[in-house]
>>> print(open('start17.pdb').read())   # PDB, C-alpha atoms and all ligand atoms
ATOM      1  CA  MET H   1     -37.418  58.497 301.663
ATOM      2  CA  GLU H   2     -36.324  55.492 299.585
ATOM      3  CA  SER H   3     -39.073  53.440 298.013
ATOM      4  CA  SER H   4     -37.608  50.208 299.474
ATOM      5  CA  GLN H   5     -38.626  51.481 302.899
ATOM      6  CA  THR H   6     -42.231  51.993 301.916
ATOM      7  CA  PHE H   7     -43.327  48.344 302.049
ATOM      8  CA  GLN H   8     -42.757  45.722 304.721
ATOM      9  CA  PRO H   9     -42.486  42.006 303.996
ATOM     10  CA  LEU H  10     -45.762  40.285 304.841
ATOM     11  CA  ASP H  11     -44.244  37.898 307.382
ATOM     12  CA  ARG H  12     -43.108  40.828 309.460
ATOM     13  CA  ARG H  13     -46.664  42.028 309.898
ATOM     14  CA  LYS H  14     -46.852  44.439 312.739
ATOM     15  CA  VAL H  15     -47.963  43.283 316.159
ATOM     16  CA  TYR H  16     -50.583  46.017 316.409
ATOM     17  CA  GLU H  17     -52.195  44.860 313.146
ATOM     18  CA  GLN H  18     -52.558  41.363 314.574
ATOM     19  CA  VAL H  19     -54.045  42.757 317.776
ATOM     20  CA  ALA H  20     -56.501  44.870 315.732
ATOM     21  CA  GLU H  21     -57.441  41.818 313.667
ATOM     22  CA  GLN H  22     -58.194  39.786 316.779
ATOM     23  CA  LEU H  23     -60.280  42.554 318.312
ATOM     24  CA  LEU H  24     -62.170  42.840 315.036
ATOM     25  CA  GLY H  25     -62.758  39.101 315.208
ATOM     26  CA  GLN H  26     -64.255  39.479 318.675
ATOM     27  CA  ILE H  27     -66.612  42.195 317.430
ATOM     28  CA  GLY H  28     -67.499  40.364 314.208
ATOM     29  CA  GLY H  29     -68.038  37.144 316.105
ATOM     30  CA  GLY H  30     -70.661  38.849 318.234
ATOM     31  CA  HIS H  31     -68.668  38.708 321.492
ATOM     32  CA  LEU H  32     -68.787  42.505 321.501
ATOM     33  CA  SER H  33     -71.636  44.499 319.998
ATOM     34  CA  THR H  34     -72.551  48.157 319.379
ATOM     35  CA  GLY H  35     -72.069  50.285 322.487
ATOM     36  CA  ASP H  36     -70.108  47.619 324.377
ATOM     37  CA  ALA H  37     -66.935  48.847 326.042
ATOM     38  CA  LEU H  38     -63.653  47.293 324.981
ATOM     39  CA  PRO H  39     -61.435  45.848 327.727
ATOM     40  CA  SER H  40     -59.121  48.468 329.234
ATOM     41  CA  GLU H  41     -55.670  49.116 327.807
ATOM     42  CA  ARG H  42     -54.112  47.279 330.752
ATOM     43  CA  GLU H  43     -56.375  44.245 330.368
ATOM     44  CA  LEU H  44     -55.583  44.060 326.657
ATOM     45  CA  THR H  45     -51.852  44.357 327.381
ATOM     46  CA  GLU H  46     -52.088  41.369 329.722
ATOM     47  CA  THR H  47     -54.367  39.324 327.437
ATOM     48  CA  PHE H  48     -52.173  39.701 324.374
ATOM     49  CA  GLY H  49     -48.845  39.744 326.205
ATOM     50  CA  VAL H  50     -47.619  42.671 324.103
ATOM     51  CA  GLY H  51     -46.419  46.172 324.869
ATOM     52  CA  ARG H  52     -48.766  49.013 325.656
ATOM     53  CA  SER H  53     -47.753  50.897 322.518
ATOM     54  CA  SER H  54     -48.943  48.031 320.302
ATOM     55  CA  ILE H  55     -52.319  48.028 322.043
ATOM     56  CA  ARG H  56     -52.601  51.791 321.638
ATOM     57  CA  GLU H  57     -51.670  51.577 317.979
ATOM     58  CA  ALA H  58     -54.265  48.839 317.397
ATOM     59  CA  LEU H  59     -56.979  50.916 319.079
ATOM     60  CA  ARG H  60     -56.010  54.000 317.070
ATOM     61  CA  MET H  61     -56.240  51.994 313.855
ATOM     62  CA  LEU H  62     -59.712  50.636 314.677
ATOM     63  CA  GLU H  63     -60.831  54.101 315.683
ATOM     64  CA  SER H  64     -59.702  55.660 312.418
ATOM     65  CA  GLN H  65     -61.529  52.924 310.517
ATOM     66  CA  GLY H  66     -64.683  53.834 312.418
ATOM     67  CA  VAL H  67     -64.971  50.417 314.092
ATOM     68  CA  ILE H  68     -64.697  51.836 317.609
ATOM     69  CA  THR H  69     -65.225  55.316 319.042
ATOM     70  CA  SER H  70     -63.786  56.887 322.162
ATOM     71  CA  GLU H  71     -66.036  57.895 325.018
ATOM     72  CA  PRO H  72     -65.586  61.184 326.912
ATOM     73  CA  GLY H  73     -63.744  59.307 329.697
ATOM     74  CA  GLY H  74     -61.254  57.924 327.184
ATOM     75  CA  ALA H  75     -62.648  54.367 327.048
ATOM     76  CA  PHE H  76     -63.411  52.798 323.682
ATOM     77  CA  VAL H  77     -66.783  51.359 322.718
ATOM     78  CA  VAL H  78     -67.855  49.399 319.658
ATOM     79  CA  ALA H  79     -69.333  51.789 317.060
ATOM     80  CA  HIS H  80     -72.490  51.140 315.073
ATOM     81  CA  ALA H  81     -71.840  48.676 312.248
ATOM     82  CA  ALA H  82     -72.822  51.335 309.673
ATOM     83  CA  ASN H  83     -70.063  53.649 310.919
ATOM     84  CA  PRO H  84     -67.106  52.397 308.809
ATOM     85  CA  LEU H  85     -69.133  52.570 305.574
ATOM     86  CA  ASN H  86     -70.325  55.987 306.581
ATOM     87  CA  SER H  87     -66.905  57.460 307.217
ATOM     88  CA  SER H  88     -65.334  55.822 304.178
ATOM     89  CA  LEU H  89     -68.019  57.163 301.842
ATOM     90  CA  GLN H  90     -67.401  60.623 303.321
ATOM     91  CA  LEU H  91     -63.696  60.137 302.741
ATOM     92  CA  VAL H  92     -64.103  58.933 299.146
ATOM     93  CA  PHE H  93     -66.361  61.872 298.396
ATOM     94  CA  THR H  94     -63.800  64.293 299.828
ATOM     95  CA  LEU H  95     -60.928  62.718 297.897
ATOM     96  CA  ASP H  96     -62.692  62.369 294.550
ATOM     97  CA  SER H  97     -63.156  65.929 293.384
ATOM     98  CA  GLU H  98     -64.963  64.710 290.248
ATOM     99  CA  ALA H  99     -67.852  63.304 292.296
ATOM    100  CA  GLY H 100     -70.451  65.992 292.832
ATOM    101  CA  LEU H 101     -73.635  66.360 294.807
ATOM    102  CA  HIS H 102     -75.647  65.123 291.821
ATOM    103  CA  ASP H 103     -73.699  61.843 291.871
ATOM    104  CA  LEU H 104     -74.573  61.411 295.524
ATOM    105  CA  PHE H 105     -78.251  62.060 294.933
ATOM    106  CA  GLU H 106     -78.127  59.552 292.081
ATOM    107  CA  LEU H 107     -76.524  56.935 294.330
ATOM    108  CA  ARG H 108     -79.117  57.615 296.971
ATOM    109  CA  ARG H 109     -81.919  57.236 294.419
ATOM    110  CA  ILE H 110     -80.596  53.864 293.271
ATOM    111  CA  ILE H 111     -80.426  52.564 296.838
ATOM    112  CA  ASP H 112     -83.603  54.125 298.281
ATOM    113  CA  CYS H 113     -85.919  53.465 295.314
ATOM    114  CA  GLU H 114     -84.984  49.780 295.154
ATOM    115  CA  ALA H 115     -85.199  49.585 298.940
ATOM    116  CA  ALA H 116     -88.776  50.900 298.731
ATOM    117  CA  ALA H 117     -89.667  48.232 296.147
ATOM    118  CA  LEU H 118     -88.182  45.457 298.313
ATOM    119  CA  ALA H 119     -89.869  46.873 301.402
ATOM    120  CA  ALA H 120     -93.258  46.578 299.652
ATOM    121  CA  ILE H 121     -92.612  42.840 299.303
ATOM    122  CA  ARG H 122     -91.055  42.130 302.700
ATOM    123  CA  ARG H 123     -92.522  44.642 305.161
ATOM    124  CA  THR H 124     -94.340  43.655 308.327
ATOM    125  CA  ALA H 125     -97.092  45.630 310.054
ATOM    126  CA  GLN H 126     -94.464  46.839 312.533
ATOM    127  CA  HIS H 127     -92.337  48.369 309.749
ATOM    128  CA  VAL H 128     -95.349  50.218 308.366
ATOM    129  CA  ALA H 129     -96.204  51.479 311.861
ATOM    130  CA  GLU H 130     -92.643  52.791 312.312
ATOM    131  CA  MET H 131     -92.900  54.611 308.945
ATOM    132  CA  GLU H 132     -96.135  56.259 310.100
ATOM    133  CA  LEU H 133     -94.587  57.260 313.446
ATOM    134  CA  SER H 134     -91.707  58.965 311.671
ATOM    135  CA  ILE H 135     -94.127  60.896 309.443
ATOM    136  CA  VAL H 136     -96.069  62.080 312.504
ATOM    137  CA  GLU H 137     -92.742  63.127 314.045
ATOM    138  CA  MET H 138     -91.991  65.171 310.892
ATOM    139  CA  GLU H 139     -95.335  66.957 311.248
ATOM    140  CA  GLN H 140     -94.675  67.710 314.897
ATOM    141  CA  ALA H 141     -91.155  68.933 314.139
ATOM    142  CA  LEU H 142     -92.514  71.296 311.514
ATOM    143  CA  ALA H 143     -94.854  72.878 314.058
ATOM    144  CA  ALA H 144     -92.128  73.258 316.715
ATOM    145  CA  ASP H 145     -89.384  75.823 317.213
ATOM    146  CA  GLY H 146     -85.857  75.008 316.051
ATOM    147  CA  ARG H 147     -87.412  72.543 313.691
ATOM    148  CA  ASP H 148     -84.563  71.870 311.263
ATOM    149  CA  GLU H 149     -82.534  69.262 313.138
ATOM    150  CA  ARG H 150     -85.607  67.502 314.459
ATOM    151  CA  PHE H 151     -87.269  67.444 311.049
ATOM    152  CA  ILE H 152     -84.149  66.032 309.388
ATOM    153  CA  ALA H 153     -83.838  63.377 312.095
ATOM    154  CA  ALA H 154     -87.483  62.344 311.596
ATOM    155  CA  ASP H 155     -86.993  62.320 307.825
ATOM    156  CA  LEU H 156     -83.971  60.037 308.271
ATOM    157  CA  ARG H 157     -86.000  57.819 310.573
ATOM    158  CA  PHE H 158     -88.516  57.279 307.750
ATOM    159  CA  HIS H 159     -85.848  56.325 305.223
ATOM    160  CA  LEU H 160     -84.222  53.959 307.710
ATOM    161  CA  ALA H 161     -87.612  52.362 308.427
ATOM    162  CA  VAL H 162     -88.035  51.692 304.699
ATOM    163  CA  ALA H 163     -84.508  50.272 304.505
ATOM    164  CA  GLU H 164     -85.101  48.170 307.598
ATOM    165  CA  ALA H 165     -88.227  46.693 306.021
ATOM    166  CA  THR H 166     -86.074  45.201 303.236
ATOM    167  CA  GLY H 167     -84.559  42.876 305.831
ATOM    168  CA  ASN H 168     -81.169  43.561 304.205
ATOM    169  CA  ARG H 169     -78.787  45.134 306.725
ATOM    170  CA  LEU H 170     -76.291  46.234 304.066
ATOM    171  CA  ILE H 171     -79.050  48.227 302.356
ATOM    172  CA  LEU H 172     -79.819  49.785 305.734
ATOM    173  CA  TYR H 173     -76.185  50.854 306.245
ATOM    174  CA  SER H 174     -75.906  52.140 302.665
ATOM    175  CA  VAL H 175     -79.032  54.274 302.985
ATOM    176  CA  GLN H 176     -77.566  55.827 306.108
ATOM    177  CA  ALA H 177     -74.122  56.391 304.596
ATOM    178  CA  ALA H 178     -75.328  57.960 301.341
ATOM    179  CA  ARG H 179     -77.692  60.206 303.273
ATOM    180  CA  ASP H 180     -75.132  61.364 305.789
ATOM    181  CA  VAL H 181     -72.829  62.672 303.072
ATOM    182  CA  ILE H 182     -75.578  64.918 301.680
ATOM    183  CA  ARG H 183     -76.620  66.049 305.156
ATOM    184  CA  ARG H 184     -75.448  69.601 304.632
ATOM    185  CA  ALA H 185     -77.452  69.869 301.406
ATOM    186  CA  LEU H 186     -80.523  68.588 303.268
ATOM    187  CA  LEU H 187     -80.165  71.321 305.883
ATOM    188  CA  THR H 188     -80.693  73.901 303.125
ATOM    189  CA  VAL H 189     -83.674  71.949 301.724
ATOM    190  CA  VAL H 190     -85.622  72.256 304.993
ATOM    191  CA  ASN H 191     -85.682  76.016 304.521
ATOM    192  CA  VAL H 192     -86.911  75.959 300.921
ATOM    193  CA  PRO H 193     -90.562  77.095 301.103
ATOM    194  CA  GLU H 194     -93.062  74.197 300.965
ATOM    195  CA  SER H 195     -90.254  71.651 300.826
ATOM    196  CA  PRO H 196     -90.852  70.024 304.249
ATOM    197  CA  GLU H 197     -94.614  69.973 303.611
ATOM    198  CA  SER H 198     -94.007  68.198 300.297
ATOM    199  CA  ALA H 199     -91.743  65.671 302.018
ATOM    200  CA  ILE H 200     -94.557  64.697 304.380
ATOM    201  CA  VAL H 201     -97.038  64.159 301.514
ATOM    202  CA  GLU H 202     -94.448  62.196 299.525
ATOM    203  CA  HIS H 203     -93.471  60.006 302.478
ATOM    204  CA  ARG H 204     -97.145  59.154 302.982
ATOM    205  CA  ALA H 205     -97.383  58.074 299.329
ATOM    206  CA  VAL H 206     -94.329  55.825 299.771
ATOM    207  CA  ARG H 207     -95.723  54.379 302.981
ATOM    208  CA  GLU H 208     -99.114  53.670 301.364
ATOM    209  CA  ALA H 209     -97.565  51.832 298.406
ATOM    210  CA  ILE H 210     -95.386  49.778 300.770
ATOM    211  CA  ALA H 211     -98.359  48.993 303.023
ATOM    212  CA  ALA H 212    -100.378  47.974 299.952
ATOM    213  CA  GLY H 213     -97.579  45.608 298.922
ATOM    214  CA  ASN H 214     -97.075  47.328 295.573
ATOM    215  CA  PRO H 215     -93.328  47.376 294.719
ATOM    216  CA  GLY H 216     -93.709  49.337 291.460
ATOM    217  CA  ALA H 217     -95.713  52.098 293.091
ATOM    218  CA  ALA H 218     -93.360  52.191 296.096
ATOM    219  CA  ARG H 219     -90.320  52.562 293.824
ATOM    220  CA  ASP H 220     -92.003  55.330 291.782
ATOM    221  CA  ALA H 221     -93.164  57.209 294.874
ATOM    222  CA  MET H 222     -89.675  57.125 296.428
ATOM    223  CA  CYS H 223     -88.043  58.278 293.171
ATOM    224  CA  THR H 224     -90.566  61.128 292.827
ATOM    225  CA  HIS H 225     -89.717  62.182 296.384
ATOM    226  CA  LEU H 226     -85.938  62.092 295.898
ATOM    227  CA  ASP H 227     -86.106  63.875 292.506
ATOM    228  CA  ARG H 228     -87.984  66.709 294.180
ATOM    229  CA  VAL H 229     -85.532  66.829 297.110
ATOM    230  CA  GLU H 230     -82.616  67.140 294.706
ATOM    231  CA  ARG H 231     -84.340  69.939 292.779
ATOM    232  CA  ASP H 232     -85.009  71.788 296.046
ATOM    233  CA  ALA H 233     -81.410  71.221 297.181
ATOM    234  CA  GLY H 234     -80.311  73.031 294.007
ATOM    235  CA  ARG H 235     -82.732  75.874 294.731
ATOM    236  CA  GLY H 236     -81.632  76.051 298.370
ATOM    237  CA  ALA H 237     -78.008  76.333 297.308
ATOM    238  CA  THR H 238     -78.603  79.106 294.784
ATOM    239  CA  ASN H 239     -80.911  81.013 297.116
ATOM    240  CA  GLY H 240     -78.154  80.911 299.737
TER     241      GLY H 240
HETATM  242 ZN    ZN C 301     -87.409  61.885 302.718
END
>>> encode(input="start17.pdb", output="structure tokens", more="lines below")
Ligand SMILES: [Zn+2]
Amino acid sequence: MESSQTFQPLDRRKVYEQVAEQLLGQIGGGHLSTGDALPSERELTETFGVGRSSIREALRMLESQGVITSEPGGAFVVAHAANPLNSSLQLVFTLDSEAGLHDLFELRRIIDCEAAALAAIRRTAQHVAEMELSIVEMEQALAADGRDERFIAADLRFHLAVAEATGNRLILYSVQAARDVIRRALLTVVNVPESPESAIVEHRAVREAIAAGNPGAARDAMCTHLDRVERDAGRGATNG
């Protein structure tokens, strides 16, 4: 293929890109929120006065960006706002072969430890209660059968509660994205002896420092927790 065919002049921007941009505007403007269904293909065709193929192309583009997801019936709904960051971090990690698991743990430490410090300053009683609930859920998961998935979900719930307490939604999305990429590593950690028990003790220490309104102690407690998780992830991997 000739290189002159690779780029299109900007004024001949494709119809589907303009449709996608307008739909994005509707979502960003709050006219459509997470879980809301998009208008049907036919409705969109009539609204925009363009061909069905342009509508389909626009929907495909938004889907691949993680903005919308398709439901079993084929309808599209607005995805969670964290979704695009999530899938792009996954993608970047896959593409960049130099970035290893250690880099991801380091990124997670930077985000989560500072989030804990901010949470200690900004938390409400409700945030602290949600942190405690997630810790209780971890304990219950540990005692139940098929504990791994449930334990990991409860563990995530704790970290999201801390992130939520910062009041910064971008921190919340980043915590989720960084964590999702190391999900597979975390599945091995659950089976390292004493690792889940340690997580419960460490989460309690984080929660206490946040409840006490001590940012330094909250940061240290979160970093101690994540350092230990990374060490156990290494052990889990070598133990098979
Ligand atoms: Zn944790």
>>> closest_residue(input="start17.pdb", among="H:Thr94, H:Asn168, H:Arg109, H:Ala20", to="Val67 (chain H)", atoms="all atoms listed in the file")
H:Ala20
>>> closest_residue(input="start17.pdb", among="H:Gly28, H:Arg108, H:Ala75, H:Asp145", to="Tyr173 (chain H)", atoms="all atoms listed in the file")
H:Arg108
>>> closest_atom_pairs(input="start17.pdb", of="region 119-216 of chain H", to="region 222-225 of chain H", cutoff="9 Å", atoms="all atoms listed in the file", output="JSON lines")
{"residue": "H:Ser198", "atom": "CA", "partner": "H:His225", "partner_atom": "CA", "distance": 8.4}
{"residue": "H:Ala199", "atom": "CA", "partner": "H:His225", "partner_atom": "CA", "distance": 6.9}
{"residue": "H:Glu202", "atom": "CA", "partner": "H:His225", "partner_atom": "CA", "distance": 5.7}
{"residue": "H:His203", "atom": "CA", "partner": "H:His225", "partner_atom": "CA", "distance": 7.5}
{"residue": "H:Ala205", "atom": "CA", "partner": "H:Met222", "partner_atom": "CA", "distance": 8.3}
{"residue": "H:Val206", "atom": "CA", "partner": "H:Met222", "partner_atom": "CA", "distance": 5.9}
>>> resolve_selection(input="start17.pdb", expression="the PyMOL selection byres (((not hetatm)) within 12 of (chain C and resi 301))", output="PyMOL selection string")
chain H and resi 108-109+112-113+116+131+134-135+138+151-162+175+179+183+186+189-190+195-207+221-230
>>> residues_around(input="start17.pdb", residues="Thr45 (chain H)", least_positions_apart="4", cutoff="12 Å", atoms="only C-alpha atoms", output="list in words")
Val15, Tyr16, Val19, Pro39, Ser40, Glu41, Gly49, Val50, Gly51, Arg52, Ser53, Ser54, Ile55, Arg56, Glu57, Ala58 and Leu59 of chain H
